[in-house]
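**Q** Enclosed is the structure file input_38.cif (mmCIF, C-alpha atoms).
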```
data_final
loop_
_atom_site.group_PDB
_atom_site.id
_atom_site.type_symbol
_atom_site.label_atom_id
_atom_site.label_comp_id
_atom_site.auth_asym_id
_atom_site.auth_seq_id
_atom_site.Cartn_x
_atom_site.Cartn_y
_atom_site.Cartn_z
ATOM 1 C CA PHE A 3 0.000 0.000 0.000
ATOM 2 C CA GLN A 4 1.102 3.561 -0.786
ATOM 3 C CA THR A 5 -0.585 6.882 -0.166
ATOM 4 C CA LYS A 6 -1.245 9.265 -3.035
ATOM 5 C CA ASN A 7 1.576 11.513 -1.827
ATOM 6 C CA GLU A 8 4.054 8.608 -1.693
ATOM 7 C CA ILE A 9 3.091 7.639 -5.233
ATOM 8 C CA ALA A 10 3.617 11.260 -6.345
ATOM 9 C CA ILE A 11 7.179 11.310 -4.982
ATOM 10 C CA GLU A 12 8.010 8.084 -6.873
ATOM 11 C CA MET A 13 6.512 9.561 -10.049
ATOM 12 C CA LEU A 14 8.624 12.705 -9.693
ATOM 13 C CA GLU A 15 11.819 10.717 -9.194
ATOM 14 C CA SER A 16 10.964 8.419 -12.098
ATOM 15 C CA ALA A 17 10.212 11.353 -14.408
ATOM 16 C CA LEU A 18 13.536 13.044 -13.635
ATOM 17 C CA ALA A 19 15.414 9.755 -14.011
ATOM 18 C CA ASN A 20 13.881 9.372 -17.484
ATOM 19 C CA GLY A 21 15.105 12.778 -18.631
ATOM 20 C CA VAL A 22 12.018 14.940 -18.068
ATOM 21 C CA GLN A 23 13.087 18.601 -17.910
ATOM 22 C CA ALA A 24 11.380 20.596 -15.157
ATOM 23 C CA SER A 25 12.130 23.405 -12.732
ATOM 24 C CA TRP A 26 8.951 23.603 -10.655
ATOM 25 C CA VAL A 27 6.435 21.303 -9.003
ATOM 26 C CA GLY A 28 2.905 22.600 -8.495
ATOM 27 C CA ALA A 29 0.782 20.972 -5.800
ATOM 28 C CA ASP A 30 -2.574 21.470 -4.100
ATOM 29 C CA GLY A 31 -3.209 21.652 -0.367
ATOM 30 C CA ALA A 32 -3.250 17.881 0.117
ATOM 31 C CA PHE A 33 0.456 17.837 -0.803
ATOM 32 C CA GLY A 34 1.469 21.237 0.613
ATOM 33 C CA HIS A 35 0.082 20.239 4.013
ATOM 34 C CA ASP A 36 2.290 17.110 3.967
ATOM 35 C CA THR A 37 5.777 18.105 5.178
ATOM 36 C CA LYS A 38 7.121 14.666 4.280
ATOM 37 C CA PHE A 39 6.141 15.220 0.651
ATOM 38 C CA LEU A 40 7.756 18.683 0.604
ATOM 39 C CA ASP A 41 10.980 17.392 2.155
ATOM 40 C CA SER A 42 11.093 14.512 -0.347
ATOM 41 C CA THR A 43 10.890 16.819 -3.370
ATOM 42 C CA PRO A 44 14.066 16.357 -5.472
ATOM 43 C CA ASP A 45 16.728 18.974 -4.718
ATOM 44 C CA ASN A 46 16.814 20.354 -8.257
ATOM 45 C CA LEU A 47 13.092 21.206 -8.206
ATOM 46 C CA ARG A 48 11.344 24.199 -6.673
ATOM 47 C CA TYR A 49 7.901 23.570 -5.271
ATOM 48 C CA PHE A 50 4.911 25.886 -5.198
ATOM 49 C CA ALA A 51 2.469 24.103 -2.924
ATOM 50 C CA CYS A 52 -0.878 25.303 -1.648
ATOM 51 C CA VAL A 53 -1.354 25.158 2.130
ATOM 52 C CA HIS A 54 -4.333 25.472 4.440
ATOM 53 C CA SER A 55 -5.088 28.846 5.987
ATOM 54 C CA THR A 56 -4.627 27.209 9.408
ATOM 55 C CA ASP A 57 -1.141 25.789 8.698
ATOM 56 C CA THR A 58 1.343 27.462 11.019
ATOM 57 C CA PHE A 59 4.684 29.227 10.449
ATOM 58 C CA TYR A 60 6.995 31.618 12.254
ATOM 59 C CA PRO A 61 7.092 35.151 10.782
ATOM 60 C CA SER A 62 10.525 35.633 12.446
ATOM 61 C CA MET A 63 13.037 33.554 14.386
ATOM 62 C CA PRO A 64 11.649 33.282 17.941
ATOM 63 C CA GLU A 65 13.836 33.529 21.017
ATOM 64 C CA MET A 66 14.148 30.545 23.345
ATOM 65 C CA PHE A 67 14.278 30.317 27.121
ATOM 66 C CA VAL A 68 14.129 27.820 29.962
ATOM 67 C CA PRO A 69 10.957 28.352 32.021
ATOM 68 C CA THR A 70 11.345 28.915 35.756
ATOM 69 C CA LYS A 71 10.306 26.148 38.099
ATOM 70 C CA LYS A 72 6.903 26.555 39.705
ATOM 71 C CA ASP A 73 6.463 26.091 43.432
ATOM 72 C CA GLY A 74 5.904 22.515 44.501
ATOM 73 C CA PRO A 75 7.450 19.130 43.874
ATOM 74 C CA GLY A 76 8.956 18.100 40.569
ATOM 75 C CA ARG A 77 12.134 18.545 38.611
ATOM 76 C CA LYS A 78 13.535 21.854 37.516
ATOM 77 C CA PRO A 79 12.741 22.576 33.821
ATOM 78 C CA THR A 80 15.724 22.147 31.481
ATOM 79 C CA LYS A 81 14.029 22.086 28.062
ATOM 80 C CA LEU A 82 14.135 25.245 25.968
ATOM 81 C CA ILE A 83 10.801 26.627 24.786
ATOM 82 C CA PHE A 84 9.970 29.458 22.408
ATOM 83 C CA THR A 85 8.915 32.896 23.578
ATOM 84 C CA VAL A 86 6.056 33.080 21.053
ATOM 85 C CA PRO A 87 3.907 30.400 19.403
ATOM 86 C CA PRO A 88 3.753 29.977 15.608
ATOM 87 C CA GLN A 89 1.025 31.776 13.679
ATOM 88 C CA SER A 90 -1.410 30.552 11.045
ATOM 89 C CA ALA A 91 -0.877 31.521 7.411
ATOM 90 C CA LYS A 92 -4.081 33.551 7.555
ATOM 91 C CA ASP A 93 -2.951 35.561 10.599
ATOM 92 C CA ILE A 94 0.529 36.188 9.165
ATOM 93 C CA VAL A 95 -0.928 37.563 5.934
ATOM 94 C CA ASN A 96 -3.557 39.676 7.730
ATOM 95 C CA ASN A 97 -1.021 41.150 10.169
ATOM 96 C CA SER A 98 1.743 41.742 7.633
ATOM 97 C CA ASP A 99 2.722 45.257 6.540
ATOM 98 C CA VAL A 100 3.484 43.956 3.044
ATOM 99 C CA PRO A 101 0.951 45.600 0.687
ATOM 100 C CA TRP A 102 -1.286 43.732 -1.756
ATOM 101 C CA THR A 103 -0.057 44.019 -5.354
ATOM 102 C CA PRO A 104 -2.647 43.987 -8.198
ATOM 103 C CA VAL A 105 -1.856 41.343 -10.846
ATOM 104 C CA GLU A 106 -3.322 39.928 -14.066
ATOM 105 C CA TYR A 107 -3.353 36.185 -14.732
ATOM 106 C CA GLY A 108 -4.340 36.364 -18.394
ATOM 107 C CA ILE A 109 -7.571 35.978 -20.331
ATOM 108 C CA GLY A 110 -10.171 33.457 -19.211
ATOM 109 C CA SER A 111 -13.558 32.432 -20.555
ATOM 110 C CA LYS A 112 -15.133 35.445 -18.811
ATOM 111 C CA GLY A 113 -12.473 37.996 -19.728
ATOM 112 C CA VAL A 114 -9.344 39.256 -17.968
ATOM 113 C CA MET A 115 -8.590 37.380 -14.724
ATOM 114 C CA THR A 116 -7.310 39.734 -12.041
ATOM 115 C CA GLY A 117 -6.367 39.486 -8.398
ATOM 116 C CA GLU A 118 -3.978 40.691 -5.716
ATOM 117 C CA GLU A 119 -0.878 39.026 -4.317
ATOM 118 C CA LYS A 120 1.334 39.272 -1.270
ATOM 119 C CA LEU A 121 4.720 37.612 -0.656
ATOM 120 C CA ILE A 122 6.119 37.118 2.854
ATOM 121 C CA ARG A 123 9.270 35.390 4.097
ATOM 122 C CA VAL A 124 8.487 32.891 6.897
ATOM 123 C CA LEU A 125 10.008 29.926 8.719
ATOM 124 C CA ASP A 126 8.414 26.537 8.187
ATOM 125 C CA ILE A 127 8.133 24.108 11.092
ATOM 126 C CA ARG A 128 9.451 20.587 11.609
ATOM 127 C CA LYS A 129 8.951 18.676 14.884
ATOM 128 C CA ASN A 130 7.451 21.801 16.465
ATOM 129 C CA LYS A 131 10.632 23.815 15.779
ATOM 130 C CA PRO A 132 11.559 26.487 13.200
ATOM 131 C CA ASN A 133 13.192 24.840 10.209
ATOM 132 C CA ASN A 134 13.948 26.673 6.929
ATOM 133 C CA TRP A 135 13.065 30.045 5.464
ATOM 134 C CA VAL A 136 10.419 29.724 2.742
ATOM 135 C CA TRP A 137 8.105 32.057 0.856
ATOM 136 C CA LEU A 138 4.477 32.367 1.941
ATOM 137 C CA HIS A 139 2.420 33.461 -1.062
ATOM 138 C CA ALA A 140 -1.114 34.808 -0.658
ATOM 139 C CA ARG A 141 -3.399 35.245 -3.664
ATOM 140 C CA LYS A 142 -6.645 37.189 -3.306
ATOM 141 C CA LEU A 143 -9.091 36.376 -6.096
ATOM 142 C CA SER A 144 -11.619 38.799 -7.576
ATOM 143 C CA ASN A 145 -14.390 37.253 -5.423
ATOM 144 C CA GLY A 146 -12.427 38.015 -2.226
ATOM 145 C CA GLU A 147 -11.282 34.429 -1.595
ATOM 146 C CA ILE A 148 -7.656 34.114 -0.454
ATOM 147 C CA LYS A 149 -5.463 31.137 -1.356
ATOM 148 C CA TYR A 150 -2.176 30.400 0.413
ATOM 149 C CA ALA A 151 0.930 28.611 -0.835
ATOM 150 C CA ILE A 152 4.546 28.095 0.199
ATOM 151 C CA SER A 153 7.656 27.756 -1.919
ATOM 152 C CA ASN A 154 11.309 26.886 -1.386
ATOM 153 C CA ALA A 155 12.330 29.275 -4.178
ATOM 154 C CA PRO A 156 15.452 31.427 -3.571
ATOM 155 C CA GLU A 157 15.132 34.608 -1.556
ATOM 156 C CA ASP A 158 15.708 36.833 -4.614
ATOM 157 C CA THR A 159 12.784 35.325 -6.573
ATOM 158 C CA PRO A 160 10.520 38.200 -7.762
ATOM 159 C CA LEU A 161 6.775 38.337 -7.209
ATOM 160 C CA SER A 162 6.210 38.155 -10.982
ATOM 161 C CA LYS A 163 7.667 34.625 -11.004
ATOM 162 C CA PHE A 164 5.195 33.505 -8.344
ATOM 163 C CA THR A 165 2.371 35.086 -10.343
ATOM 164 C CA GLU A 166 3.452 32.868 -13.244
ATOM 165 C CA VAL A 167 3.825 29.617 -11.300
ATOM 166 C CA ALA A 168 0.594 30.190 -9.338
ATOM 167 C CA THR A 169 -1.339 29.363 -12.522
ATOM 168 C CA MET A 170 0.899 26.619 -13.956
ATOM 169 C CA ARG A 171 -1.538 23.895 -12.863
ATOM 170 C CA TRP A 172 -4.496 25.485 -14.701
ATOM 171 C CA PRO A 173 -3.697 24.063 -18.193
ATOM 172 C CA ILE A 174 -3.291 20.567 -16.690
ATOM 173 C CA GLU A 175 -6.595 20.829 -14.840
ATOM 174 C CA GLN A 176 -8.213 22.129 -18.042
ATOM 175 C CA CYS A 177 -6.822 19.095 -19.911
ATOM 176 C CA PHE A 178 -8.383 16.687 -17.394
ATOM 177 C CA GLU A 179 -11.680 18.586 -17.457
ATOM 178 C CA GLU A 180 -11.851 18.364 -21.264
ATOM 179 C CA CYS A 181 -10.880 14.682 -21.288
ATOM 180 C CA LYS A 182 -13.509 13.853 -18.647
ATOM 181 C CA SER A 183 -16.378 15.900 -20.043
ATOM 182 C CA GLN A 184 -15.773 15.433 -23.776
ATOM 183 C CA LEU A 185 -13.638 12.346 -24.396
ATOM 184 C CA GLY A 186 -14.767 9.718 -21.893
ATOM 185 C CA MET A 187 -11.883 9.635 -19.422
ATOM 186 C CA SER A 188 -14.289 9.166 -16.502
ATOM 187 C CA GLN A 189 -16.318 6.422 -18.213
ATOM 188 C CA PHE A 190 -13.936 3.486 -17.726
ATOM 189 C CA GLU A 191 -15.799 0.543 -16.168
ATOM 190 C CA GLY A 192 -13.152 -2.179 -16.238
ATOM 191 C CA ARG A 193 -11.173 -3.612 -13.342
ATOM 192 C CA SER A 194 -7.672 -4.348 -14.669
ATOM 193 C CA TRP A 195 -4.620 -2.096 -14.409
ATOM 194 C CA LYS A 196 -3.743 -2.654 -18.088
ATOM 195 C CA GLY A 197 -7.289 -1.939 -19.219
ATOM 196 C CA PHE A 198 -7.366 1.316 -17.279
ATOM 197 C CA HIS A 199 -4.070 2.535 -18.750
ATOM 198 C CA ARG A 200 -5.110 1.536 -22.270
ATOM 199 C CA HIS A 201 -8.296 3.529 -21.796
ATOM 200 C CA LEU A 202 -6.324 6.567 -20.635
ATOM 201 C CA ASN A 203 -3.885 6.293 -23.541
ATOM 202 C CA ILE A 204 -6.757 6.233 -26.042
ATOM 203 C CA VAL A 205 -8.311 9.285 -24.379
ATOM 204 C CA PHE A 206 -4.993 11.168 -24.491
ATOM 205 C CA VAL A 207 -4.484 10.310 -28.169
ATOM 206 C CA ALA A 208 -8.012 11.556 -28.902
ATOM 207 C CA HIS A 209 -7.331 14.780 -26.987
ATOM 208 C CA LEU A 210 -4.085 15.308 -28.894
ATOM 209 C CA PHE A 211 -5.925 14.780 -32.194
ATOM 210 C CA ILE A 212 -8.637 17.284 -31.234
ATOM 211 C CA GLN A 213 -6.027 19.884 -30.259
ATOM 212 C CA MET A 214 -4.181 19.364 -33.547
ATOM 213 C CA MET A 215 -7.451 19.886 -35.410
ATOM 214 C CA ARG A 216 -8.153 23.058 -33.417
ATOM 215 C CA LEU A 217 -4.689 24.408 -34.301
ATOM 216 C CA LYS A 218 -5.284 23.548 -37.966
ATOM 217 C CA TYR A 219 -8.430 25.677 -37.936
ATOM 218 C CA SER A 220 -6.861 28.702 -36.298
ATOM 219 C CA VAL A 221 -6.679 32.346 -37.234
ATOM 220 C CA LYS A 222 -3.535 34.479 -37.325
ATOM 221 C CA VAL A 223 -4.237 37.477 -35.118
ATOM 222 C CA ASP A 224 -2.141 39.852 -37.251
ATOM 223 C CA GLN A 225 -4.538 39.168 -40.151
ATOM 224 C CA LEU A 226 -7.557 40.387 -38.193
ATOM 225 C CA THR A 227 -8.882 43.913 -38.040
ATOM 226 C CA GLY A 228 -8.737 45.912 -34.797
ATOM 227 C CA PRO A 229 -12.169 44.824 -33.455
ATOM 228 C CA GLY A 230 -11.483 41.243 -34.499
ATOM 229 C CA LYS A 231 -8.231 41.190 -32.531
ATOM 230 C CA LEU A 232 -10.013 42.450 -29.417
ATOM 231 C CA ILE A 233 -12.767 39.849 -29.663
ATOM 232 C CA PHE A 234 -10.432 36.911 -30.272
ATOM 233 C CA LYS A 235 -8.089 38.028 -27.478
ATOM 234 C CA ALA A 236 -11.033 38.202 -25.086
ATOM 235 C CA MET A 237 -12.174 34.730 -26.154
ATOM 236 C CA ASN A 238 -8.804 33.069 -25.758
ATOM 237 C CA MET A 239 -5.489 34.199 -24.331
ATOM 238 C CA LYS A 240 -3.245 37.192 -23.724
ATOM 239 C CA ASP A 241 -1.323 38.444 -26.788
ATOM 240 C CA PRO A 242 -1.808 35.282 -28.919
ATOM 241 C CA GLU A 243 -0.284 34.720 -32.366
ATOM 242 C CA ASN A 244 -2.699 32.038 -33.544
ATOM 243 C CA VAL A 245 -6.214 31.717 -32.152
ATOM 244 C CA PRO A 246 -8.171 28.444 -32.463
ATOM 245 C CA VAL A 247 -11.597 29.044 -33.963
ATOM 246 C CA PHE A 248 -13.255 26.073 -32.240
ATOM 247 C CA THR A 249 -13.428 24.945 -28.628
ATOM 248 C CA VAL A 250 -12.641 21.342 -27.674
ATOM 249 C CA SER A 251 -16.349 20.603 -27.303
ATOM 250 C CA GLN A 252 -17.194 22.075 -30.714
ATOM 251 C CA MET A 253 -14.355 20.258 -32.448
ATOM 252 C CA CYS A 254 -15.401 16.946 -30.847
ATOM 253 C CA LYS A 255 -18.928 17.367 -32.190
ATOM 254 C CA LEU A 256 -17.653 18.333 -35.634
ATOM 255 C CA VAL A 257 -15.411 15.254 -35.792
ATOM 256 C CA VAL A 258 -18.297 12.979 -34.731
ATOM 257 C CA CYS A 259 -20.574 14.568 -37.352
ATOM 258 C CA SER A 260 -17.881 14.202 -40.024
ATOM 259 C CA LEU A 261 -17.319 10.537 -39.192
ATOM 260 C CA SER A 262 -21.041 9.914 -39.555
ATOM 261 C CA LYS A 263 -20.782 11.337 -43.100
ATOM 262 C CA GLU A 264 -24.021 13.245 -42.564
ATOM 263 C CA ARG A 265 -23.430 16.505 -44.416
ATOM 264 C CA LYS A 266 -26.580 18.066 -42.978
ATOM 265 C CA GLU A 267 -25.387 17.366 -39.432
ATOM 266 C CA VAL A 268 -22.022 19.010 -40.145
ATOM 267 C CA ILE A 269 -23.710 22.111 -41.569
ATOM 268 C CA LYS A 270 -26.105 22.172 -38.631
ATOM 269 C CA GLU A 271 -23.221 22.032 -36.137
ATOM 270 C CA LEU A 272 -21.268 24.737 -37.983
ATOM 271 C CA THR A 273 -24.353 26.958 -37.986
ATOM 272 C CA ARG A 274 -24.799 26.430 -34.240
ATOM 273 C CA ILE A 275 -21.150 27.356 -33.614
ATOM 274 C CA ALA A 276 -21.514 30.456 -35.766
ATOM 275 C CA TYR A 277 -24.430 31.647 -33.632
ATOM 276 C CA ILE A 278 -22.424 31.065 -30.438
ATOM 277 C CA VAL A 279 -19.448 33.067 -31.741
ATOM 278 C CA LYS A 280 -21.736 35.811 -33.017
ATOM 279 C CA SER A 281 -23.587 36.142 -29.713
ATOM 280 C CA TYR A 282 -20.293 36.213 -27.790
ATOM 281 C CA ALA A 283 -18.904 38.891 -30.119
ATOM 282 C CA MET A 284 -22.063 40.986 -29.813
ATOM 283 C CA ALA A 285 -21.977 40.728 -26.022
ATOM 284 C CA PHE A 286 -18.317 41.750 -26.023
ATOM 285 C CA VAL A 287 -18.942 44.762 -28.264
ATOM 286 C CA SER A 288 -21.926 45.751 -26.107
ATOM 287 C CA LYS A 289 -19.724 45.633 -23.007
ATOM 288 C CA CYS A 290 -17.048 47.739 -24.702
ATOM 289 C CA LYS A 291 -19.656 50.323 -25.656
ATOM 290 C CA GLU A 292 -20.963 50.416 -22.083
ATOM 291 C CA VAL A 293 -17.470 51.065 -20.701
ATOM 292 C CA TYR A 294 -16.780 53.667 -23.376
ATOM 293 C CA GLU A 295 -20.019 55.521 -22.679
ATOM 294 C CA ASN A 296 -19.136 55.754 -19.003
ATOM 295 C CA MET A 297 -15.779 57.316 -19.905
ATOM 296 C CA ILE A 298 -16.755 59.745 -22.699
ATOM 297 C CA PRO A 299 -20.186 61.337 -23.382
ATOM 298 C CA ILE A 300 -21.637 59.961 -26.627
ATOM 299 C CA LYS A 301 -23.158 62.617 -28.895
ATOM 300 C CA ASN A 302 -25.093 60.250 -31.109
ATOM 301 C CA ASP A 303 -25.480 56.561 -31.898
ATOM 302 C CA SER A 304 -23.206 56.703 -34.941
ATOM 303 C CA SER A 305 -20.230 57.801 -32.812
#
```
So that I can check it, write out the structure of this file as structure tokens.
**A**
Amino acid sequence: FQTKNEIAIEMLESALANGVQASWVGADGAFGHDTKFLDSTPDNLRYFACVHSTDTFYPSMPEMFVPTKKDGPGRKPTKLIFTVPPQSAKDIVNNSDVPWTPVEYGIGSKGVMTGEEKLIRVLDIRKNKPNNWVWLHARKLSNGEIKYAISNAPEDTPLSKFTEVATMRWPIEQCFEECKSQLGMSQFEGRSWKGFHRHLNIVFVAHLFIQMMRLKYSVKVDQLTGPGKLIFKAMNMKDPENVPVFTVSQMCKLVVCSLSKERKEVIKELTRIAYIVKSYAMAFVSKCKEVYENMIPIKNDSS
């Protein structure tokens, strides 16, 4: 028997032994809360691991002292204790003088993703004692939710690097979401190890094929007009060169329709996609007009 975290460590070591090039490991709170997992991370990798808001750290090196003996029987204390207890990640961030820095994470399905970040140097804890200096990273989302993470990155690592690595798990999670919802990853009903891995391999090959098809039907942004560039940037990513026209879901449906050789179904699906893109573009233009009207008085509709 092995826990999920023990399996993850073996997978990391195996990947590096087989020549996989990597600099960072991204992990959720189940791994960041596990000090054994963090300490087992290969030395040539930096981790960025989410932690719970209640996980404790020392904001500075505490002083130690031997408590005085209380009146009554018993031995005289000889064990050193710390002058102050550790603090939770939430309390350290709330009490810190470090200001929140506004950041942008790129373009999502609902437009520009923004937030605020704070970076604080703290001491992690092993066996109830201060251990090593690490970075405590706090990320405040647009809805007010705060996420916490720690990293063993060097002391001179800039905040912009943490802004980058804070989102490095998103494409992987998006890949799993697409494979589960569109390509049947979650529909395996067998019992054998080999059968499960064959199923996954087929799903991954299908996902690769769909992505290749999406890239084939892409648009070069420099060929678009000004409004077209704005719309496609809002629909996809920040400063793209090529923009896929279809989503994974749309491309899956188009491939299925094409394999059925039903020309009417293909045309029907293309028409449906056209309406979706048109409605999105109209909503985007309407939003732009609303923002513009709030900035500059509009004399007439034509302007």
**Q** Suppose you want the space between atom CA of A:Leu161 and atom CA of A:Lys120; what is it in Å?
**A**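 Rounded to one decimal, the two atoms are 8.1 Å apart.
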**Q** Select, counting all atoms listed in the file, all protein, DNA and RNA residues no farther than 10 Å from (1.5, 38.9, 4.6) in file coordinates, and express the selection as a list in words.
**A**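 Here the neighbourhood of the point contains Pro61, Ala91, Lys92, Asp93, Ile94, Val95, Asn96, Asn97, Ser98, Asp99, Val100, Pro101, Trp102, Glu119, Lys120, Leu121, Ile122, Arg123, Val124, Leu138, His139 and Ala140 of chain A.
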**Q** Write out, as a short mmCIF file (atom, residue, chain, number, x, y, z; two decimals), in the frame of the given file, the residues just selected, with C-alpha atoms.
**A**
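Listed below is the output, out.cif:
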```cif
data_model
loop_
_atom_site.label_atom_id
_atom_site.label_comp_id
_atom_site.auth_asym_id
_atom_site.auth_seq_id
_atom_site.Cartn_x
_atom_site.Cartn_y
_atom_site.Cartn_z
CA PRO A 61 7.09 35.15 10.78
CA ALA A 91 -0.88 31.52 7.41
CA LYS A 92 -4.08 33.55 7.56
CA ASP A 93 -2.95 35.56 10.60
CA ILE A 94 0.53 36.19 9.16
CA VAL A 95 -0.93 37.56 5.93
CA ASN A 96 -3.56 39.68 7.73
CA ASN A 97 -1.02 41.15 10.17
CA SER A 98 1.74 41.74 7.63
CA ASP A 99 2.72 45.26 6.54
CA VAL A 100 3.48 43.96 3.04
CA PRO A 101 0.95 45.60 0.69
CA TRP A 102 -1.29 43.73 -1.76
CA GLU A 119 -0.88 39.03 -4.32
CA LYS A 120 1.33 39.27 -1.27
CA LEU A 121 4.72 37.61 -0.66
CA ILE A 122 6.12 37.12 2.85
CA ARG A 123 9.27 35.39 4.10
CA VAL A 124 8.49 32.89 6.90
CA LEU A 138 4.48 32.37 1.94
CA HIS A 139 2.42 33.46 -1.06
CA ALA A 140 -1.11 34.81 -0.66
#
```
**Q** For a test of reading the model, state the distance in Å between atom CA of A:Trp172 and atom CA of A:Gly31, rounded to one decimal.
**A** 14.9 Å
**Q** Compile the contact shell of stretch 10-24 of chain A as a PyMOL selection string: residues with an atom at most 12 Å away, counting all atoms listed in the file, same-chain residues fewer than 3 positions apart removed.
**A** chain A and resi 4-7+27-29+32-33+36+38-49
**Q** What does the distance between atom CA of A:Lys270 and atom CA of A:Val207 come to in Å, to one decimal place?
**A** 26.8 Å
**Q** With distances taken over all atoms listed in the file, which residue among A:Lys129, A:His201, A:Lys71, A:Lys142 lies nearest A:Glu106?
**A**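 Of A:Lys129, A:His201, A:Lys71, A:Lys142, the one nearest A:Glu106, counting all atoms listed in the file, is A:Lys142.
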